[in-house]
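Below is one structure; the comments refer to it alone.
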Amino acid sequence: FGELGNESYNLIEYMESYPATKQIKGGENPATWMLTAIGAGSSGGGVDKFDYANAYAHSPLAGDCIEKIDAISDESTDDSRISFETKYATTMKTQSIAVYKRLRIIYWRSPGYNRVRLLVSAIVALLFGSVFASQRVPRNESDMNSRITSIYITALFLGVNAMNTALPVFEMERNMFYRHTASLMYDQRAITLAFTLVELPFIILSSLVFCLLWYFPVGFAVEAGKFFLYWLFMTFSLGLFTFFGQGFMAIFRDSQTAQGFGSLLIGMNSIFGGVLIRPQAIHSFWVWAYWTFPLHYVLEGLFTSQFRDDTTPIIATL
């Protein structure tokens, strides 16, 4: 309690007055040295050897602190009471802008996270698109089913990748958020908005890379309207799974638990998406799952954007 002194001289003198304290080294940061000594640093310090909190509570320094607090409390009046109009020092707008700028720099300095998304999108598009490069127009029911299944698999695969890659990044920033919000720097609305805005460009770019390398080799209609609709629904799909991953990471304690519930969500989406089990074949007890889990709506958009008003003759398979 009181002034630290020149170059934290008072702090160092107080800490070294206890025999259990290792003397500070020349050039060592006093704050780091103090945290290590009391056991709050990464090395664990001497927290099991000496109880600094108990020693301080029974020291003359603590007594002076209590007396000072009592004196201040006795002199307090309504006129001297300090009050603030808001809980935070800045407005919601200022908080959001500051957090967004910080996250934008973090994402720019995280090429591993963003490059992986772009690379996976390109690889998946080329792998599945090359299958249809030699036959870009479906002729029979089997060809049509293979295209439907490929749309389903690519949307699901990229969604799984988006969710799993978002977990460790969000976990790191979530832990930082707890420290910042404890010091009343900003609230959850600011970081939620910032994460949404900083993710959008990468989600849009990833879906664009996939669509450019997948759409045309498969033989879909060369129409701007249909292409942009397909791109729109793929963007929705990637955004959906990315934000679900962040949501699970915000709810649960660690990435393993979040990934477990994410796997459950992915499994339910894949089963009740309307492809593995046709909607008319779903048992009445599970109809709610078909209408609840969102992949079904993404697939409807992807299918409808390409095959609505398509008059290509398809030979039925006997």
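All residue names refer to the structure tokens as shown: chains lettered A, B, ... in order, residues numbered from 1 in each chain, ligands numbered from 1 in order.
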
Determine, for each residue of segment 104-149 of chain A having at least one atom at most 12 Å from an atom of segment 253-277 of chain A, the closest pair of atoms and their separation in Å to one decimal, counting only C-alpha atoms; order by chain and ascending number, as a tab-separated table.
```
residue	atom	partner	partner_atom	distance
A:Asn145	CA	A:Val275	CA	9.7
A:Ser146	CA	A:Val275	CA	11.2
A:Arg147	CA	A:Val275	CA	11.5
A:Ile148	CA	A:Val275	CA	8.0
A:Thr149	CA	A:Val275	CA	7.2
```

Practice task
List the neighbours of segment 295-302 of chain A out to 12 Å using only C-alpha atoms; skip same-chain residues closer than 3 positions along the sequence, and give me the result as number ranges by chain.
Solution key: A: 147-160, 211, 215, 220, 226-241, 265-279, 287-292, 305-308

Kindly export the residues of the current selection with C-alpha atoms, as an mmCIF file, in the first residue's frame.
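out21.cif written:
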```cif
data_model
loop_
_atom_site.group_PDB
_atom_site.id
_atom_site.type_symbol
_atom_site.label_atom_id
_atom_site.label_comp_id
_atom_site.auth_asym_id
_atom_site.auth_seq_id
_atom_site.Cartn_x
_atom_site.Cartn_y
_atom_site.Cartn_z
ATOM 1 C CA ARG A 147 -24.148 -34.361 -58.334
ATOM 2 C CA ILE A 148 -26.663 -34.035 -55.523
ATOM 3 C CA THR A 149 -24.444 -36.103 -53.242
ATOM 4 C CA SER A 150 -21.345 -34.096 -54.179
ATOM 5 C CA ILE A 151 -23.085 -30.811 -53.356
ATOM 6 C CA TYR A 152 -24.093 -32.283 -50.011
ATOM 7 C CA ILE A 153 -20.611 -33.619 -49.195
ATOM 8 C CA THR A 154 -18.760 -30.444 -50.163
ATOM 9 C CA ALA A 155 -21.100 -28.230 -48.149
ATOM 10 C CA LEU A 156 -20.828 -30.520 -45.114
ATOM 11 C CA PHE A 157 -17.052 -30.995 -45.390
ATOM 12 C CA LEU A 158 -16.333 -27.276 -45.603
ATOM 13 C CA GLY A 159 -18.738 -26.644 -42.739
ATOM 14 C CA VAL A 160 -16.929 -29.164 -40.532
ATOM 15 C CA CYS A 211 -17.288 -21.685 -56.000
ATOM 16 C CA TYR A 215 -19.001 -24.394 -60.031
ATOM 17 C CA PHE A 220 -23.613 -25.820 -63.661
ATOM 18 C CA LYS A 226 -27.373 -18.852 -60.522
ATOM 19 C CA PHE A 227 -23.665 -18.504 -59.759
ATOM 20 C CA PHE A 228 -24.192 -15.726 -57.221
ATOM 21 C CA LEU A 229 -27.060 -17.637 -55.599
ATOM 22 C CA TYR A 230 -24.821 -20.681 -55.193
ATOM 23 C CA TRP A 231 -22.059 -18.460 -53.786
ATOM 24 C CA LEU A 232 -24.555 -16.818 -51.423
ATOM 25 C CA PHE A 233 -25.740 -20.121 -49.956
ATOM 26 C CA MET A 234 -22.180 -21.439 -49.624
ATOM 27 C CA THR A 235 -21.299 -18.250 -47.754
ATOM 28 C CA PHE A 236 -24.295 -18.818 -45.478
ATOM 29 C CA SER A 237 -23.141 -22.399 -44.891
ATOM 30 C CA LEU A 238 -19.556 -21.454 -43.957
ATOM 31 C CA GLY A 239 -20.738 -18.589 -41.774
ATOM 32 C CA LEU A 240 -23.286 -20.813 -40.073
ATOM 33 C CA PHE A 241 -20.776 -23.469 -39.018
ATOM 34 C CA LEU A 265 -24.521 -30.933 -34.348
ATOM 35 C CA ILE A 266 -22.705 -31.964 -37.526
ATOM 36 C CA GLY A 267 -23.942 -35.538 -37.225
ATOM 37 C CA MET A 268 -27.563 -34.455 -36.804
ATOM 38 C CA ASN A 269 -27.239 -32.054 -39.721
ATOM 39 C CA SER A 270 -25.783 -34.736 -41.980
ATOM 40 C CA ILE A 271 -28.436 -37.316 -41.092
ATOM 41 C CA PHE A 272 -31.441 -35.011 -41.286
ATOM 42 C CA GLY A 273 -30.243 -32.769 -44.114
ATOM 43 C CA GLY A 274 -32.601 -34.467 -46.556
ATOM 44 C CA VAL A 275 -29.968 -36.354 -48.605
ATOM 45 C CA LEU A 276 -28.969 -39.454 -46.651
ATOM 46 C CA ILE A 277 -32.613 -39.896 -45.687
ATOM 47 C CA ARG A 278 -35.176 -38.423 -48.035
ATOM 48 C CA PRO A 279 -37.682 -36.127 -46.242
ATOM 49 C CA VAL A 287 -39.557 -34.712 -38.528
ATOM 50 C CA TRP A 288 -38.737 -31.901 -36.092
ATOM 51 C CA ALA A 289 -35.016 -32.546 -36.659
ATOM 52 C CA TYR A 290 -35.431 -32.106 -40.418
ATOM 53 C CA TRP A 291 -36.999 -28.681 -39.914
ATOM 54 C CA THR A 292 -34.726 -27.641 -37.029
ATOM 55 C CA SER A 305 -30.391 -22.318 -57.318
ATOM 56 C CA GLN A 306 -29.097 -24.753 -59.962
ATOM 57 C CA PHE A 307 -31.907 -27.121 -60.907
ATOM 58 C CA ARG A 308 -34.984 -24.905 -60.786
#
```

Exercise for the section: Mind giving me the straight-line distance from atom CA of Leu119 of chain A to atom CA of Leu193 of chain A in Å, one decimal? Expected result: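 Interatomic distance here is 26.5 Å.
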
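Non-sequential neighbours of Leu127 of chain A (distance at most 12 Å, separation of 3 or more positions within a chain, only C-alpha atoms) are Val120, Ser121, Ala122, Ile123, Val124, Ser130, Val131, Phe132, Ala133, Ser150, Ile153, Thr154, Phe210, Leu213, Trp214, Pro217 and Val218 of chain A.
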
Handout entry: Residue with smallest distance to Pro19 of chain A - pool A:Tyr113, A:Trp33, A:Tyr52, A:Phe248, counting only C-alpha atoms
Key = A:Tyr52

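Coordinates place atom CA of Gly247 of chain A at a distance of 15.0 Å from atom CA of Pro294 of chain A.
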
Exercise for the section: Report the residues of segment 99-254 of chain A whose backbone DSSP state falls under alpha helix (DSSP H), written as a PyMOL selection string. Expected result: chain A and resi 99-108+111-131+141-182+188-218+224-251

Please produce, as a tab-separated table, a per-residue contact table for segment 57-134 of chain A versus segment 183-192 of chain A (criterion: any atom at most 10 Å away, only C-alpha atoms considered), showing the nearest atom pair and its distance in Å to one decimal, sorted by chain then residue number.
```
residue	atom	partner	partner_atom	distance
A:Lys87	CA	A:Leu184	CA	7.6
A:Tyr88	CA	A:Leu184	CA	6.0
A:Ala89	CA	A:Met185	CA	7.6
A:Thr90	CA	A:Tyr186	CA	8.2
A:Thr91	CA	A:Tyr186	CA	9.1
A:Met92	CA	A:Ala190	CA	6.7
A:Lys93	CA	A:Ala190	CA	8.0
A:Thr94	CA	A:Ala190	CA	8.9
A:Gln95	CA	A:Tyr186	CA	5.8
A:Ser96	CA	A:Ala190	CA	4.4
A:Ile97	CA	A:Ala190	CA	8.1
A:Ala98	CA	A:Ala190	CA	8.8
A:Val99	CA	A:Ile191	CA	6.3
A:Tyr100	CA	A:Ile191	CA	7.5
A:Leu103	CA	A:Ile191	CA	8.9
```

Exercise for the section: Figure out the distance between atom CA of Thr312 of chain A and atom CA of Asn140 of chain A, please, to one decimal in Å. Expected result: 10.1 Å
